[in-house]
$ cat model_36.cif   # mmCIF, C-alpha atoms and all ligand atoms
data_structure
loop_
_atom_site.label_atom_id
_atom_site.label_comp_id
_atom_site.auth_asym_id
_atom_site.auth_seq_id
_atom_site.Cartn_x
_atom_site.Cartn_y
_atom_site.Cartn_z
CA MET G 1 0.00 0.00 0.00
CA TYR G 2 1.49 3.25 -1.12
CA ILE G 3 0.00 6.52 0.09
CA LEU G 4 0.46 8.95 -2.77
CA LEU G 5 -0.35 12.55 -3.49
CA PRO G 6 -3.21 12.73 -5.97
CA ASP G 7 -1.31 14.60 -8.67
CA ALA G 8 -2.00 14.05 -12.36
CA HIS G 9 0.66 11.33 -12.66
CA HIS G 10 -0.65 9.29 -9.73
CA ILE G 11 -4.25 9.66 -10.91
CA LEU G 12 -3.24 8.12 -14.26
CA GLN G 13 -1.36 5.38 -12.44
CA ALA G 14 -4.44 4.68 -10.32
CA ALA G 15 -6.58 4.41 -13.46
CA THR G 16 -4.05 1.93 -14.89
CA ILE G 17 -4.26 -0.19 -11.73
CA LEU G 18 -8.07 -0.21 -12.00
CA ARG G 19 -7.85 -1.22 -15.66
CA ALA G 20 -5.66 -4.15 -14.66
CA GLY G 21 -8.42 -5.37 -12.33
CA ARG G 22 -6.67 -4.37 -9.13
CA LEU G 23 -7.78 -2.16 -6.24
CA VAL G 24 -7.19 1.52 -5.49
CA CYS G 25 -8.32 3.58 -2.51
CA PHE G 26 -9.48 7.08 -3.19
CA PRO G 27 -10.98 9.93 -1.19
CA THR G 28 -14.57 11.02 -1.55
CA GLU G 29 -16.25 13.83 0.35
CA THR G 30 -17.95 11.25 2.62
CA VAL G 31 -15.36 8.56 3.40
CA TYR G 32 -12.54 6.81 1.53
CA GLY G 33 -13.62 4.21 -1.03
CA LEU G 34 -12.03 0.87 -1.96
CA GLY G 35 -12.31 1.10 -5.73
CA ALA G 36 -12.48 -1.55 -8.43
CA ASP G 37 -13.42 -1.56 -12.11
CA ALA G 38 -17.22 -1.97 -11.93
CA HIS G 39 -17.22 -3.91 -15.23
CA ASN G 40 -14.69 -6.49 -14.05
CA ASP G 41 -16.21 -9.45 -12.27
CA ALA G 42 -12.98 -10.67 -10.69
CA ALA G 43 -12.09 -7.17 -9.52
CA ALA G 44 -15.52 -6.78 -7.90
CA ALA G 45 -15.08 -10.18 -6.27
CA SER G 46 -11.74 -9.14 -4.80
CA VAL G 47 -13.39 -6.09 -3.18
CA TYR G 48 -15.73 -8.40 -1.26
CA GLN G 49 -12.81 -10.61 -0.33
CA ALA G 50 -10.52 -7.78 0.79
CA LYS G 51 -13.25 -6.38 3.02
CA GLY G 52 -14.50 -9.74 4.29
CA ARG G 53 -17.92 -8.66 3.07
CA ALA G 54 -20.83 -10.98 2.36
CA SER G 55 -21.44 -11.38 -1.37
CA THR G 56 -25.11 -10.60 -0.70
CA ASN G 57 -24.34 -6.97 0.21
CA PRO G 58 -24.14 -4.95 -3.04
CA LEU G 59 -21.66 -2.20 -3.90
CA ILE G 60 -22.11 1.43 -4.99
CA VAL G 61 -20.93 2.25 -8.51
CA HIS G 62 -19.38 5.72 -8.74
CA THR G 63 -19.59 7.67 -11.98
CA VAL G 64 -18.22 11.00 -13.14
CA ASP G 65 -21.68 12.43 -13.90
CA VAL G 66 -25.33 11.54 -14.40
CA HIS G 67 -24.70 10.90 -18.08
CA MET G 68 -22.30 8.06 -17.24
CA ALA G 69 -24.65 6.87 -14.47
CA LYS G 70 -27.42 6.37 -17.03
CA ARG G 71 -25.41 3.63 -18.74
CA TYR G 72 -25.89 1.58 -15.60
CA GLY G 73 -29.30 2.52 -14.24
CA ILE G 74 -32.78 3.53 -15.37
CA PHE G 75 -33.59 6.93 -13.94
CA THR G 76 -37.19 7.43 -12.87
CA ASP G 77 -38.47 11.01 -12.60
CA ALA G 78 -37.79 10.94 -8.87
CA ALA G 79 -34.22 9.71 -9.37
CA MET G 80 -33.62 12.36 -12.02
CA GLN G 81 -34.88 15.14 -9.78
CA LEU G 82 -32.65 14.05 -6.92
CA ALA G 83 -29.64 13.67 -9.20
CA ASP G 84 -30.23 17.16 -10.62
CA VAL G 85 -30.22 18.75 -7.18
CA PHE G 86 -27.74 16.68 -5.19
CA TRP G 87 -25.13 15.37 -7.66
CA PRO G 88 -22.26 15.61 -7.46
CA GLY G 89 -22.56 15.00 -3.73
CA PRO G 90 -23.13 12.63 -0.81
CA LEU G 91 -26.24 10.94 -2.20
CA THR G 92 -26.55 7.37 -3.53
CA LEU G 93 -29.54 6.43 -5.69
CA VAL G 94 -30.75 2.84 -6.01
CA VAL G 95 -32.37 2.33 -9.41
CA ARG G 96 -33.07 -0.61 -11.76
CA ARG G 97 -30.16 -1.81 -13.88
CA THR G 98 -30.36 -1.01 -17.57
CA VAL G 99 -30.99 -4.09 -19.76
CA ASP G 100 -27.49 -3.84 -21.19
CA CYS G 101 -25.87 -2.66 -17.95
CA PRO G 102 -22.12 -3.11 -18.41
CA ALA G 103 -21.44 -3.46 -14.68
CA SER G 104 -20.64 -6.87 -13.22
CA PRO G 105 -23.77 -8.52 -11.72
CA ARG G 106 -21.66 -8.84 -8.58
CA VAL G 107 -21.90 -5.10 -7.80
CA SER G 108 -25.66 -5.66 -7.54
CA ALA G 109 -25.16 -8.87 -5.54
CA GLY G 110 -26.99 -10.63 -8.36
CA GLY G 111 -30.10 -8.43 -8.11
CA ASP G 112 -31.74 -6.21 -10.72
CA THR G 113 -31.02 -2.91 -8.98
CA ILE G 114 -27.85 -0.86 -8.81
CA ALA G 115 -26.66 1.84 -6.41
CA LEU G 116 -25.12 4.85 -8.17
CA ARG G 117 -23.29 7.91 -6.88
CA VAL G 118 -21.51 10.88 -8.44
CA PRO G 119 -19.00 12.01 -5.81
CA ALA G 120 -18.06 15.67 -5.52
CA HIS G 121 -14.48 15.22 -4.29
CA PRO G 122 -12.06 16.57 -6.92
CA VAL G 123 -9.75 13.54 -6.60
CA ALA G 124 -12.64 11.10 -7.05
CA GLN G 125 -13.79 13.17 -10.01
CA ALA G 126 -10.31 13.18 -11.55
CA LEU G 127 -9.95 9.42 -11.11
CA LEU G 128 -13.36 8.69 -12.64
CA GLN G 129 -12.56 11.00 -15.53
CA ALA G 130 -9.21 9.31 -16.14
CA PHE G 131 -10.70 5.82 -15.85
CA GLY G 132 -13.65 6.61 -18.09
CA GLN G 133 -16.17 4.18 -16.62
CA GLY G 134 -17.85 3.23 -13.35
CA VAL G 135 -15.85 2.39 -10.23
CA ALA G 136 -17.41 0.09 -7.65
CA ALA G 137 -16.38 1.34 -4.23
CA PRO G 138 -17.56 0.44 -0.77
CA SER G 139 -16.08 2.26 2.19
CA ALA G 140 -12.44 1.20 2.55
CA ASN G 141 -12.75 -0.63 5.86
CA ARG G 142 -12.96 -4.26 6.88
CA SER G 143 -16.61 -5.24 7.11
CA GLY G 144 -18.35 -4.19 10.29
CA ARG G 145 -15.61 -1.72 11.21
CA ILE G 146 -15.40 2.06 11.19
CA SER G 147 -15.24 3.74 7.78
CA PRO G 148 -11.96 5.56 7.00
CA THR G 149 -11.95 9.36 6.76
CA CYS G 150 -8.23 9.72 5.96
CA ALA G 151 -5.52 7.71 4.21
CA LEU G 152 -3.96 6.45 7.45
CA HIS G 153 -7.23 4.85 8.50
CA VAL G 154 -7.13 2.83 5.29
CA VAL G 155 -3.63 1.62 6.16
CA GLU G 156 -4.92 0.60 9.61
CA GLU G 157 -7.70 -1.41 7.99
CA PHE G 158 -5.64 -3.34 5.46
CA THR G 159 -2.18 -3.79 6.98
CA GLY G 160 -1.22 -7.45 6.61
CA ASN G 161 -4.14 -8.16 4.26
CA PRO G 162 -2.86 -9.89 1.09
CA LEU G 163 -5.66 -8.21 -0.85
CA ALA G 164 -4.80 -4.74 0.40
CA PRO G 165 -5.28 -1.99 -2.18
CA GLU G 166 -2.15 -1.28 -4.16
CA MET G 167 -2.41 2.48 -3.90
CA ILE G 168 -4.11 4.99 -1.62
CA LEU G 169 -4.67 8.43 -3.10
CA ASP G 170 -4.33 10.87 -0.22
CA GLY G 171 -6.99 13.55 -0.29
CA GLY G 172 -6.61 14.59 3.33
CA GLU G 173 -9.48 14.48 5.79
CA ALA G 174 -12.93 13.73 4.32
CA GLU G 175 -15.13 16.79 4.54
CA VAL G 176 -18.49 15.16 5.31
CA GLY G 177 -17.15 12.29 7.43
CA ILE G 178 -20.06 9.83 7.25
CA GLU G 179 -21.31 7.76 4.33
CA SER G 180 -23.75 9.02 1.71
CA THR G 181 -27.51 9.03 2.15
CA VAL G 182 -28.89 6.02 0.25
CA VAL G 183 -32.30 6.48 -1.40
CA ASP G 184 -34.21 3.66 -3.09
CA CYS G 185 -35.94 5.06 -6.18
CA THR G 186 -37.23 1.73 -7.50
CA ARG G 187 -40.66 2.01 -5.87
CA PRO G 188 -43.53 4.44 -6.34
CA GLN G 189 -42.35 6.34 -3.28
CA ALA G 190 -38.66 7.01 -2.73
CA GLU G 191 -37.36 5.52 0.48
CA ILE G 192 -34.31 6.33 2.58
CA LEU G 193 -32.25 3.17 3.14
CA ARG G 194 -29.34 4.86 4.94
CA ALA G 195 -29.38 8.23 6.70
CA GLY G 196 -26.69 10.74 5.79
CA THR G 197 -25.98 14.44 5.69
CA ILE G 198 -28.51 14.91 2.90
CA THR G 199 -31.44 14.77 5.27
CA GLU G 200 -35.02 13.61 4.93
CA ASP G 201 -36.15 17.25 4.94
CA ALA G 202 -33.72 18.16 2.16
CA LEU G 203 -34.96 15.21 0.08
CA ARG G 204 -38.57 16.13 0.78
CA ALA G 205 -38.00 19.68 -0.41
CA VAL G 206 -37.25 18.16 -3.83
CA LEU G 207 -39.53 15.14 -3.99
CA HIS G 208 -42.35 15.96 -1.53
CA ALA G 209 -43.01 12.29 -0.87
CA VAL G 210 -40.11 10.45 0.72
CA GLU G 211 -40.34 7.58 3.14
CA GLY G 212 -38.06 7.96 6.11
CA MET G 213 -35.95 5.22 7.54
CA PRO G 214 -38.09 3.12 9.89
CA SER G 215 -36.06 1.50 12.62
CA HIS G 216 -37.06 -2.01 11.47
CA HIS G 217 -34.53 -1.65 8.67
CA ALA G 218 -31.87 -1.90 11.29
CA LYS G 219 -32.89 -5.37 12.44
CA PRO G 220 -30.30 -8.08 12.08
CA ALA G 221 -30.81 -10.50 9.20
CA ASP G 222 -31.64 -13.39 11.49
CA ALA G 223 -34.65 -11.51 12.85
CA GLY G 224 -36.57 -12.93 9.91
CA SER G 225 -37.00 -9.63 8.14
CA THR G 226 -35.99 -9.17 4.55
CA LEU G 227 -33.34 -6.51 4.35
CA ARG G 228 -33.93 -4.12 1.49
CA SER G 229 -30.44 -2.79 1.90
CA PRO G 230 -28.28 -5.51 3.34
CA GLY G 231 -25.86 -2.92 4.72
CA GLN G 232 -28.52 -1.98 7.25
CA LEU G 233 -27.37 -4.46 9.81
CA GLU G 234 -27.55 -3.52 13.41
CA SER G 235 -23.86 -3.89 14.27
CA HIS G 236 -21.67 -1.83 12.01
CA TYR G 237 -19.14 0.97 12.37
CA ALA G 238 -17.95 -0.82 15.47
CA PRO G 239 -14.73 -0.05 17.35
CA ARG G 240 -13.07 -2.78 19.43
CA ALA G 241 -14.16 -1.09 22.67
CA ALA G 242 -17.71 -1.34 23.95
CA VAL G 243 -19.74 1.81 23.28
CA ARG G 244 -22.11 3.28 25.89
CA LEU G 245 -24.58 5.84 24.57
CA GLN G 246 -26.40 8.75 26.26
CA ALA G 247 -23.60 9.09 28.81
CA ARG G 248 -24.17 11.91 31.31
CA ASN G 249 -21.56 10.72 33.79
CA LEU G 250 -18.42 8.71 33.55
CA SER G 251 -16.69 5.87 35.37
CA ALA G 252 -12.95 5.96 35.87
CA ASP G 253 -11.99 3.49 33.16
CA GLU G 254 -14.07 4.98 30.37
CA ALA G 255 -12.91 7.12 27.48
CA LEU G 256 -15.24 10.01 26.66
CA LEU G 257 -16.68 11.09 23.34
CA ALA G 258 -18.26 14.43 24.17
CA PHE G 259 -20.54 16.72 22.22
CA GLY G 260 -21.09 20.44 22.79
CA PRO G 261 -20.09 22.54 25.79
CA THR G 262 -19.59 20.24 28.80
CA GLU G 263 -18.08 19.96 32.24
CA LEU G 264 -17.45 16.25 31.81
CA THR G 265 -13.81 15.38 31.37
CA ALA G 266 -11.72 12.24 31.17
CA PRO G 267 -8.01 11.54 30.70
CA GLN G 268 -8.91 10.14 27.27
CA MET G 269 -11.48 12.35 25.62
CA ARG G 270 -12.47 13.97 22.35
CA ASN G 271 -15.23 16.49 21.72
CA LEU G 272 -17.08 15.98 18.42
CA SER G 273 -17.89 19.69 18.37
CA PRO G 274 -17.31 21.88 21.42
CA SER G 275 -19.72 24.44 19.97
CA GLY G 276 -22.40 21.82 19.25
CA ASP G 277 -22.19 21.98 15.45
CA LEU G 278 -23.57 18.78 13.85
CA ASP G 279 -21.63 19.09 10.57
CA GLU G 280 -18.41 19.32 12.55
CA ALA G 281 -19.50 16.35 14.69
CA ALA G 282 -20.15 14.21 11.60
CA ARG G 283 -16.74 15.13 10.20
CA HIS G 284 -14.94 14.06 13.40
CA LEU G 285 -17.07 11.07 14.41
CA TYR G 286 -15.10 8.20 12.87
CA ALA G 287 -11.62 9.62 13.49
CA TYR G 288 -12.43 10.22 17.16
CA LEU G 289 -13.95 6.78 17.62
CA ARG G 290 -10.75 5.31 16.18
CA GLU G 291 -8.52 7.48 18.37
CA LEU G 292 -10.42 6.63 21.55
CA ASP G 293 -10.43 2.96 20.56
CA ALA G 294 -6.66 3.09 20.17
CA THR G 295 -6.26 4.22 23.80
CA GLY G 296 -7.24 0.67 24.78
CA ALA G 297 -10.15 1.85 26.94
CA ALA G 298 -12.65 -0.97 27.56
CA THR G 299 -15.59 1.37 26.98
CA ILE G 300 -16.19 4.57 25.06
CA ALA G 301 -18.92 6.64 26.72
CA VAL G 302 -20.72 8.89 24.27
CA MET G 303 -22.64 11.98 25.36
CA PRO G 304 -26.10 12.55 23.82
CA VAL G 305 -26.10 14.07 20.35
CA PRO G 306 -29.37 15.82 19.45
CA GLY G 307 -31.46 14.15 16.74
CA GLY G 308 -33.06 15.84 13.76
CA GLY G 309 -31.35 16.52 10.43
CA ILE G 310 -27.73 15.43 10.39
CA GLY G 311 -28.08 14.45 14.06
CA ASP G 312 -30.20 11.50 12.89
CA ALA G 313 -27.39 10.18 10.70
CA ILE G 314 -24.86 10.59 13.54
CA ASN G 315 -27.16 8.81 15.98
CA ASP G 316 -27.77 6.04 13.46
CA ARG G 317 -24.01 5.37 13.27
CA LEU G 318 -23.58 5.63 17.04
CA ARG G 319 -26.41 3.19 17.63
CA ARG G 320 -24.76 0.71 15.29
CA ALA G 321 -21.37 1.23 16.92
CA ALA G 322 -22.98 0.38 20.27
CA ALA G 323 -25.06 -2.56 19.03
CA GLN G 324 -24.31 -6.07 20.11
CA ARG G 325 -21.62 -7.51 17.86
CA PRO G 326 -22.20 -10.72 15.97
CA ALA G 327 -20.12 -13.73 17.00
CA PRO G 328 -16.87 -13.74 14.97
CA ALA G 329 -18.07 -16.60 12.74
CA ASP G 330 -21.18 -14.63 11.80
CA ARG G 331 -19.40 -11.43 11.07
CA THR G 332 -19.55 -11.58 7.34
CA LEU G 333 -20.83 -8.13 6.43
O1 LIG G 401 -20.43 7.52 1.04
C1 LIG G 401 -20.50 6.41 0.54
O2 LIG G 401 -21.56 5.92 0.11
C2 LIG G 401 -19.21 5.57 0.47
C3 LIG G 401 -18.26 6.25 -0.51
C4 LIG G 401 -17.00 5.47 -0.74
O3 LIG G 401 -18.94 6.53 -1.72
N1 LIG G 401 -19.48 4.23 0.11
C5 LIG G 401 -20.12 3.36 0.94
O4 LIG G 401 -20.27 2.09 0.41
O5 LIG G 401 -20.52 3.68 2.03
P1 LIG G 401 -20.67 0.85 1.32
O6 LIG G 401 -20.54 -0.34 0.44
O7 LIG G 401 -19.88 0.85 2.55
O8 LIG G 401 -22.19 1.07 1.59
C6 LIG G 401 -23.13 0.92 0.54
C7 LIG G 401 -24.51 0.77 1.10
C8 LIG G 401 -24.69 -0.56 1.80
O9 LIG G 401 -25.54 -0.34 2.93
C9 LIG G 401 -25.38 -1.42 0.75
O10 LIG G 401 -26.19 -2.43 1.32
C10 LIG G 401 -26.22 -0.37 0.03
O11 LIG G 401 -25.43 0.79 0.00
N2 LIG G 401 -26.49 -0.77 -1.36
C11 LIG G 401 -25.62 -0.91 -2.39
N3 LIG G 401 -26.24 -1.34 -3.50
C12 LIG G 401 -27.55 -1.47 -3.19
C13 LIG G 401 -28.71 -1.89 -3.91
N4 LIG G 401 -28.63 -2.27 -5.19
N5 LIG G 401 -29.88 -1.91 -3.24
C14 LIG G 401 -29.96 -1.52 -1.96
N6 LIG G 401 -28.90 -1.14 -1.21
C15 LIG G 401 -27.72 -1.10 -1.82
MG MG G 402 -19.38 0.62 4.46
#
$ encode --input "model_36.cif" --output "structure tokens"
Amino acid sequence: MYILLPDAHHILQAATILRAGRLVCFPTETVYGLGADAHNDAAAASVYQAKGRASTNPLIVHTVDVHMAKRYGIFTDAAMQLADVFWPGPLTLVVRRTVDCPASPRVSAGGDTIALRVPAHPVAQALLQAFGQGVAAPSANRSGRISPTCALHVVEEFTGNPLAPEMILDGGEAEVGIESTVVDCTRPQAEILRAGTITEDALRAVLHAVEGMPSHHAKPADAGSTLRSPGQLESHYAPRAAVRLQARNLSADEALLAFGPTELTAPQMRNLSPSGDLDEAARHLYAYLRELDATGAATIAVMPVPGGGIGDAINDRLRRAAAQRPAPADRTL
């Protein structure tokens, strides 16, 4: 794994690696992606393998613009309206695959839908431009772990992994910090499958009718429910340490993840946003969880973060970080 500056030379080199069916990590405005040629079946397979991800959990295909996205998916009116307003940006649209969709069936986990996103990050844009076709890219973390928001996190995730990405393009710290909002546009009414910084209200301002994310989507697969978006498993984004939510006090051996102005202190603490700004909190969330995890504390106590808007997406990730972890043998996603 080489961490390289994303200059024109390295972007071309990254595109060459993708063309050869190998993996490249690149920054997006949300989190870092583990990229593979979306048309190449073996390359898509190696993404699942490198992450330890279940083959039933489909991947997002990234394109340079909506024009390229339309080669892969059929855009309903709703999808088109959302793409017009929010692309490029932290929004993923699930649509039906075109009949002659050139992407490997694997990116759709064998289904007839495909998740598409046009990222805004200039390095992602430059890479997609240089490569000239879709790049399948899940977040560049081992399955079930915290998504990476800088190049060093990617190194942490894949050190010692024989399928580690060959190159990591270093775009600095991700600006948004949590993964894109995922919206299913394949039904009469658009439905949010994953909360993100493009909020339900923002989507509603464009579409009027949007179904929010009912909590039953977060049930584990073995609860007998059919998961519309297999990524919506309860335990996800999990540090090694236990996570205790809604903390208003602290025991001696806990690390503290604070939010807003507070009197609470601990030898090991981070404040997501001392001023109580939710955008700033989202940006810091994963890096601070990693840093507190690295202190070796048995538990990370997390102060309440207000819901509503971006707060909902932050609380969604925190809830998953705190959820009961599957037994190691079951941890396939
Ligand atoms: O911000 C992001 O979306 C990042 C960056 C790299 O773009 N990517 C990302 O990918 O978070 P990943 O694989 O970690 O999460 C993709 C989510 C999963 O929950 C997956 O189940 C869902 O999107 N998904 C992908 N394809 C789908 C499909 N065809 N139908 C329903 N859900 C889908
Ligand atoms: Mg992920």
$ residues_near_ligand --input "model_36.cif" --ligand "ligand MG 402 (chain G)" --cutoff "8 Å" --atoms "all atoms listed in the file" --output "number ranges by chain"
G: 138-141, 143-144, 146-147, 179, 231, 237
$ write_last_selection --input "model_36.cif" --atoms "C-alpha atoms" --output "short mmCIF file (atom, residue, chain, number, x, y, z; two decimals), keeping the file's coordinate frame"
data_model
loop_
_atom_site.label_atom_id
_atom_site.label_comp_id
_atom_site.auth_asym_id
_atom_site.auth_seq_id
_atom_site.Cartn_x
_atom_site.Cartn_y
_atom_site.Cartn_z
CA PRO G 138 -17.56 0.44 -0.77
CA SER G 139 -16.08 2.26 2.19
CA ALA G 140 -12.44 1.20 2.55
CA ASN G 141 -12.75 -0.63 5.86
CA SER G 143 -16.61 -5.24 7.11
CA GLY G 144 -18.35 -4.19 10.29
CA ILE G 146 -15.40 2.06 11.19
CA SER G 147 -15.24 3.74 7.78
CA GLU G 179 -21.31 7.76 4.33
CA GLY G 231 -25.86 -2.92 4.72
CA TYR G 237 -19.14 0.97 12.37
#
$ closest_residue --input "model_36.cif" --among "G:Phe26, G:Tyr72, G:Tyr286, G:Phe259" --to "Pro304 of chain G" --atoms "all atoms listed in the file"
G:Phe259
$ closest_residue --input "model_36.cif" --among "G:Arg53, G:Arg248, G:Arg204, G:Arg71" --to "ligand LIG 401 (chain G)" --atoms "all atoms listed in the file"
G:Arg53
$ atom_distance --input "model_36.cif" --atom1 "atom O6 of ligand LIG 401 (chain G)" --atom2 "atom CA of Arg270 of chain G"
27.4 Å
$ residues_around --input "model_36.cif" --residues "Val107 of chain G" --least-positions-apart "3" --cutoff "8 Å" --atoms "only C-alpha atoms" --output "ChimeraX atom specification"
/G:38,44,58-61,103-104,110,114,136
$ closest_residue --input "model_36.cif" --among "G:Ser273, G:Gln189, G:Gln129, G:Thr92" --to "Ala8 of chain G" --atoms "only C-alpha atoms"
G:Gln129
$ atom_distance --input "model_36.cif" --atom1 "atom CA of Val95 of chain G" --atom2 "atom CA of Ala238 of chain G"
28.9 Å
$ build_atoms --input "model_36.cif" --residues "segment 118-136 of chain G" --atoms "N, CA, C and O atoms" --output "mmCIF file, keeping the file's coordinate frame"
data_model
loop_
_atom_site.group_PDB
_atom_site.id
_atom_site.type_symbol
_atom_site.label_atom_id
_atom_site.label_comp_id
_atom_site.auth_asym_id
_atom_site.auth_seq_id
_atom_site.Cartn_x
_atom_site.Cartn_y
_atom_site.Cartn_z
ATOM 1 N N VAL G 118 -22.493 9.982 -7.813
ATOM 2 C CA VAL G 118 -21.510 10.880 -8.440
ATOM 3 C C VAL G 118 -20.858 11.674 -7.306
ATOM 4 O O VAL G 118 -21.479 12.575 -6.741
ATOM 5 N N PRO G 119 -19.635 11.316 -6.930
ATOM 6 C CA PRO G 119 -19.000 12.010 -5.810
ATOM 7 C C PRO G 119 -18.513 13.397 -6.212
ATOM 8 O O PRO G 119 -18.189 13.639 -7.376
ATOM 9 N N ALA G 120 -18.457 14.289 -5.231
ATOM 10 C CA ALA G 120 -18.060 15.670 -5.520
ATOM 11 C C ALA G 120 -16.552 15.886 -5.337
ATOM 12 O O ALA G 120 -15.997 16.853 -5.855
ATOM 13 N N HIS G 121 -15.895 14.984 -4.609
ATOM 14 C CA HIS G 121 -14.480 15.220 -4.290
ATOM 15 C C HIS G 121 -13.652 15.336 -5.576
ATOM 16 O O HIS G 121 -13.763 14.481 -6.463
ATOM 17 N N PRO G 122 -12.824 16.377 -5.683
ATOM 18 C CA PRO G 122 -12.060 16.570 -6.920
ATOM 19 C C PRO G 122 -11.154 15.400 -7.277
ATOM 20 O O PRO G 122 -10.958 15.119 -8.467
ATOM 21 N N VAL G 123 -10.617 14.687 -6.290
ATOM 22 C CA VAL G 123 -9.750 13.540 -6.600
ATOM 23 C C VAL G 123 -10.581 12.377 -7.144
ATOM 24 O O VAL G 123 -10.197 11.719 -8.118
ATOM 25 N N ALA G 124 -11.739 12.153 -6.544
ATOM 26 C CA ALA G 124 -12.640 11.100 -7.050
ATOM 27 C C ALA G 124 -13.064 11.454 -8.466
ATOM 28 O O ALA G 124 -13.066 10.601 -9.365
ATOM 29 N N GLN G 125 -13.388 12.708 -8.680
ATOM 30 C CA GLN G 125 -13.790 13.170 -10.010
ATOM 31 C C GLN G 125 -12.671 12.944 -11.018
ATOM 32 O O GLN G 125 -12.906 12.444 -12.121
ATOM 33 N N ALA G 126 -11.457 13.316 -10.638
ATOM 34 C CA ALA G 126 -10.310 13.180 -11.550
ATOM 35 C C ALA G 126 -10.055 11.716 -11.884
ATOM 36 O O ALA G 126 -9.772 11.358 -13.036
ATOM 37 N N LEU G 127 -10.175 10.853 -10.883
ATOM 38 C CA LEU G 127 -9.950 9.420 -11.110
ATOM 39 C C LEU G 127 -11.015 8.852 -12.043
ATOM 40 O O LEU G 127 -10.707 8.101 -12.982
ATOM 41 N N LEU G 128 -12.269 9.196 -11.799
ATOM 42 C CA LEU G 128 -13.360 8.690 -12.640
ATOM 43 C C LEU G 128 -13.219 9.189 -14.074
ATOM 44 O O LEU G 128 -13.468 8.465 -15.036
ATOM 45 N N GLN G 129 -12.793 10.419 -14.200
ATOM 46 C CA GLN G 129 -12.560 11.000 -15.530
ATOM 47 C C GLN G 129 -11.443 10.242 -16.250
ATOM 48 O O GLN G 129 -11.575 9.872 -17.411
ATOM 49 N N ALA G 130 -10.360 9.996 -15.537
ATOM 50 C CA ALA G 130 -9.210 9.310 -16.140
ATOM 51 C C ALA G 130 -9.559 7.871 -16.487
ATOM 52 O O ALA G 130 -9.111 7.336 -17.501
ATOM 53 N N PHE G 131 -10.356 7.237 -15.648
ATOM 54 C CA PHE G 131 -10.700 5.820 -15.850
ATOM 55 C C PHE G 131 -11.753 5.672 -16.949
ATOM 56 O O PHE G 131 -11.730 4.714 -17.717
ATOM 57 N N GLY G 132 -12.697 6.578 -16.982
ATOM 58 C CA GLY G 132 -13.650 6.610 -18.090
ATOM 59 C C GLY G 132 -14.870 5.719 -17.945
ATOM 60 O O GLY G 132 -15.715 5.691 -18.830
ATOM 61 N N GLN G 133 -14.956 4.970 -16.858
ATOM 62 C CA GLN G 133 -16.170 4.180 -16.620
ATOM 63 C C GLN G 133 -16.373 3.998 -15.116
ATOM 64 O O GLN G 133 -15.581 4.481 -14.310
ATOM 65 N N GLY G 134 -17.453 3.303 -14.747
ATOM 66 C CA GLY G 134 -17.850 3.230 -13.350
ATOM 67 C C GLY G 134 -16.839 2.516 -12.450
ATOM 68 O O GLY G 134 -16.188 1.566 -12.870
ATOM 69 N N VAL G 135 -16.726 3.009 -11.236
ATOM 70 C CA VAL G 135 -15.850 2.390 -10.230
ATOM 71 C C VAL G 135 -16.720 1.939 -9.058
ATOM 72 O O VAL G 135 -17.400 2.745 -8.427
ATOM 73 N N ALA G 136 -16.696 0.627 -8.809
ATOM 74 C CA ALA G 136 -17.410 0.090 -7.650
ATOM 75 C C ALA G 136 -16.583 0.370 -6.419
ATOM 76 O O ALA G 136 -15.393 0.061 -6.397
#
